[in-house]
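Following: one structure in structure tokens, then a few remarks.
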Amino acid sequence: MPKSPAESSSAPPSEAASRLRQIGFLPLLALFYGYTAGGPFGYEEIFHSSGPGMALVFLTFVPLFWSIPISLAAAELNSILPVQGGFYRWSRAAFGDFWGFQCGWWNWTGTFLLNSLYGVLLMDYLSEYFPWITGNVKWLGACLALCLLSYLNARGIQVAGWLSVALLIAVLIPVAWLCIAALLKWHYNPVIPFTPPGQPFGSVFGKGLALAMWNYAGYEQLSSMTGEMKDSQRTFVRLLAWNTPMNILTYVLPTTLALAALGNWYEWKTDYIVTASRIIGVETGGGPWLGAAMLIAAMIGTASLSNSTILYTTRIPATMAEDGYLPAWLGKIHSRYRTPARAIAVSTLVYCVLAKYRVEDLVNIYIWTRIATTLLTLFAAWRMRAKAPNAKRSFRIPGGSLGVAYVVVFPVVLCALKVAQSEDYVWRYAPWLIASGPAAYWILRGVFKLKPTTMKPAPESNYSATPL
């Protein structure tokens, strides 16, 4: 006799989560901001590729159809199932064991590519001052940085959280300095031209959309460490409400003012904000100090991204191990620091191996796994409306059925456009990364005989589904 959804799909026990240390709003906000933005760095190519006007439109309005729908879906799902592992366990509750595993696996393995890049980028910034940082020296430096950040994460979420607060302050001071200096030197219309002259509209649209989606991706990741939040129901919604406006201001304000001061949108490329800061600093009489401060801020922002990525992504394999998908030893919580230290160590080892190689192009492959996990989260919100219609929800997507349609349809359209615009090498390799999920599921179950545990209600959960 099949189990009812209340028996098989509700949240897992919070025994492990009860052993986790918890932090409050400010360090959580700094961690979330560090993961989803980290400062106005790394996306400057959008102005060269799509033109300043279209780029600013994308950066301002894509959140309405991408990150805000993700935030609304995550907020409602968290109000039903406020559990450690968040979006992965929501997908399991909504669609069963197979799709729950896919969501967790794609998220964990995809971010191997992402976080290894952050270590390399830190060394790239340092090489601006120390040209001898190349080859094996660069790789060893990247490994050292990744290991240090992983160690701080393993020491406890309080350490990682307050480190993110310090990093956030260190980033925002030079950014505010740039905004003031650029405002005093405003000479150009920052939205002209709207698109690069002579470029086909479809090409500039596709490139700009991809970069904007990249900047505003990952909002469901906040849920991966719900068990480490104080007053998670209320805190979760507050974090989502604060983070999106912060990110929009971060991406739009300093670059708009810098473009208005310089007017050289056609020269902008990745990390050009450092060069723009140096030029504006010199022309406003401040010398090279603004450029140096922004370079340091870019390094700090990258470290913040890496620190937050380690925290959010390593909670997923630990939770999957607790649920029986992965070997149990991987999910062990450190007796002193109350963190998934083994999952952090295994992930860091893979980061360091990949930091040896050129992974910039592989990040474009990673985005397919980000799209897959995000879509599963969005569909889980829709599915749980039918599967658990009477569950108490402290937050509900506004607008009834139309609101749910808004949350699901617009991101699906954007994801379809992004996949369709993928480069040829992405089409060659990304499907293999996606296929690793089903392969790993059947190997772990068939060869290693791992069997997912039955999910039980969490203490905070009001989920009580009715059989379909």
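Going by the structure tokens order, chains are called A, B, ..., each with residues numbered from 1, while ligands are numbered from 1 in the order shown.
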If you count only C-alpha atoms, which residues fall within 10 Å of Gly161 in chain A, apart from same-chain ones fewer than 4 positions away, as a list in words? Ile23, Gly24, Phe25, Leu26, Pro27, Leu28, Leu29, Ala30, Leu31, Phe32, Leu152, Asn153, Gly156, Ile157, Val165, Ala166, Leu167, Asn307, Ser308 and Leu311 of chain A
Which residue, A:Leu239, A:Gly286, A:Ala321, A:Met229, has the smallest gap to Gln158 in chain A when you use only C-alpha atoms?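 Result for the nearest residue to Gln158 in chain A: A:Met229.
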Selection near Ser306 in chain A, 12 Å with only C-alpha atoms, sequence-local residues under 4 positions removed, as a PyMOL selection string: chain A and resi 31-38+111-122+142+145-150+152-153+160+163-164+167+299-302+310-314+348+351
Point out the residue among A:Ala355, A:Ala258, A:Ser335, A:Tyr366 with the least atom-to-atom distance to Pro52 in chain A, counting only C-alpha atoms.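 The shortest atom-to-atom distance to Pro52 in chain A comes from A:Ala258.
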From the DSSP assignment of the backbone, select every residue of range 226-455 of chain A that is helix (DSSP H, G or I), and format the answer as a PyMOL selection string. chain A and resi 226-228+232-262+265-267+272-283+289-322+328-331+341-354+360-387+400-420+424-446
Record the distance separating CA of Lys356 in chain A and CA of Trp139 in chain A, expressed in Å with one decimal.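 Pair CA of Lys356 in chain A / CA of Trp139 in chain A returns 5.5 Å.
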For a test of reading the model, state the distance in Å between CA of Asn390 in chain A and CA of Ile80 in chain A, rounded to one decimal.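 Separation between CA of Asn390 in chain A and CA of Ile80 in chain A: 10.3 Å.
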Polymer residues at most 10 Å from Leu257 in chain A, only C-alpha atoms, same-chain spacing of 6 or more positions, as a compact mmCIF listing (two decimals) with N, CA, C and O atoms, in the first residue's frame:
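Result written to part-v2.txt:
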```txt
# COMPACT_ATOMS: atom_id res chain seq x y z
N LEU A 178 33.67 55.43 -4.70
CA LEU A 178 33.56 55.53 -6.16
C LEU A 178 32.30 56.28 -6.56
O LEU A 178 32.33 57.15 -7.46
N CYS A 179 31.17 55.97 -5.93
CA CYS A 179 29.91 56.62 -6.29
C CYS A 179 29.99 58.13 -6.09
O CYS A 179 29.55 58.92 -6.95
N ILE A 180 30.55 58.57 -4.98
CA ILE A 180 30.67 60.01 -4.70
C ILE A 180 31.61 60.67 -5.70
O ILE A 180 31.29 61.74 -6.26
N ALA A 181 32.77 60.05 -5.96
CA ALA A 181 33.73 60.64 -6.89
C ALA A 181 33.17 60.71 -8.30
O ALA A 181 33.34 61.71 -9.01
N ALA A 182 32.47 59.65 -8.74
CA ALA A 182 31.91 59.62 -10.09
C ALA A 182 30.78 60.63 -10.24
O ALA A 182 30.62 61.25 -11.29
N LEU A 183 29.99 60.80 -9.18
CA LEU A 183 28.89 61.77 -9.23
C LEU A 183 29.40 63.18 -9.46
O LEU A 183 28.78 63.98 -10.18
N LEU A 184 30.55 63.49 -8.89
CA LEU A 184 31.14 64.82 -9.05
C LEU A 184 31.72 65.03 -10.45
O LEU A 184 32.02 66.17 -10.82
N LYS A 185 31.85 63.96 -11.20
CA LYS A 185 32.46 64.05 -12.54
C LYS A 185 31.47 63.62 -13.63
O LYS A 185 31.86 63.16 -14.69
N TRP A 186 30.19 63.80 -13.41
CA TRP A 186 29.16 63.38 -14.37
C TRP A 186 29.24 64.24 -15.63
O TRP A 186 29.04 65.43 -15.60
N HIS A 187 29.51 63.58 -16.79
CA HIS A 187 29.62 64.29 -18.06
C HIS A 187 28.80 63.66 -19.18
O HIS A 187 28.57 64.30 -20.21
N TYR A 188 28.38 62.41 -19.03
CA TYR A 188 27.77 61.68 -20.14
C TYR A 188 26.42 61.08 -19.72
O TYR A 188 26.16 60.90 -18.53
N ASN A 189 25.59 60.80 -20.74
CA ASN A 189 24.34 60.08 -20.49
C ASN A 189 24.67 58.60 -20.39
O ASN A 189 25.13 57.99 -21.37
N PRO A 190 24.46 57.97 -19.24
CA PRO A 190 24.91 56.59 -19.04
C PRO A 190 24.09 55.54 -19.77
O PRO A 190 24.47 54.36 -19.74
N GLY A 263 31.97 57.62 -19.83
CA GLY A 263 31.37 57.51 -21.16
C GLY A 263 32.01 56.47 -22.07
O GLY A 263 31.72 56.43 -23.26
```
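The space separating CA of Met455 in chain A from CA of Gln84 in chain A comes to 12.8 Å.
Contact shell of Val419 in chain A at 9 Å (only C-alpha atoms; same-chain neighbours under 6 positions omitted): A:Trp368, A:Ile371, A:Trp427.
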With range 54-64 of chain A as the partner and 10 Å as the cut-off, tabulate the residues of range 235-309 of chain A that qualify, each row holding the nearest pair of atoms and their distance in Å to one decimal, using only C-alpha atoms, sorted by chain and rising number, as CSV.
```
residue,atom,partner,partner_atom,distance
A:Thr244,CA,A:Pro63,CA,7.7
A:Pro245,CA,A:Pro63,CA,9.4
A:Asn247,CA,A:Pro63,CA,9.5
A:Ile248,CA,A:Thr60,CA,6.3
A:Leu249,CA,A:Thr60,CA,8.7
A:Thr250,CA,A:Leu59,CA,9.9
A:Tyr251,CA,A:Leu59,CA,6.8
A:Val252,CA,A:Leu59,CA,6.5
A:Leu253,CA,A:Leu56,CA,9.6
A:Thr255,CA,A:Leu56,CA,9.0
A:Thr256,CA,A:Leu56,CA,7.8
```
With a cut-off of 10 Å, could you pull out the residues of range 262-360 of chain A touching range 169-176 of chain A and give me the nearest pair of atoms for each, distance in Å to one decimal, using only C-alpha atoms, ordered by chain and ascending number, as a tab-separated table?
```
residue	atom	partner	partner_atom	distance
A:Ile273	CA	A:Val175	CA	9.8
A:Ser277	CA	A:Val175	CA	9.1
A:Trp289	CA	A:Pro174	CA	9.8
A:Leu290	CA	A:Pro174	CA	7.1
A:Gly291	CA	A:Pro174	CA	8.9
A:Ala292	CA	A:Pro174	CA	9.3
A:Ala293	CA	A:Pro174	CA	5.9
A:Met294	CA	A:Pro174	CA	5.7
A:Leu295	CA	A:Pro174	CA	9.2
A:Ile296	CA	A:Val171	CA	8.2
A:Ala297	CA	A:Val171	CA	4.7
A:Ala298	CA	A:Val171	CA	7.4
A:Met299	CA	A:Val171	CA	9.0
A:Ile300	CA	A:Val171	CA	6.6
A:Gly301	CA	A:Val171	CA	6.3
A:Ser304	CA	A:Val171	CA	9.4
```
Near range 88-105 of chain A, within 8 Å and counting only C-alpha atoms, which residues show up once chain neighbours fewer than 2 positions away are dropped, as a ChimeraX atom specification? /A:5,8-11,77,81,83,85-86,107-109,224,316-317,320,325,372-373,376-377,380,383-384,387,437-438,441,452
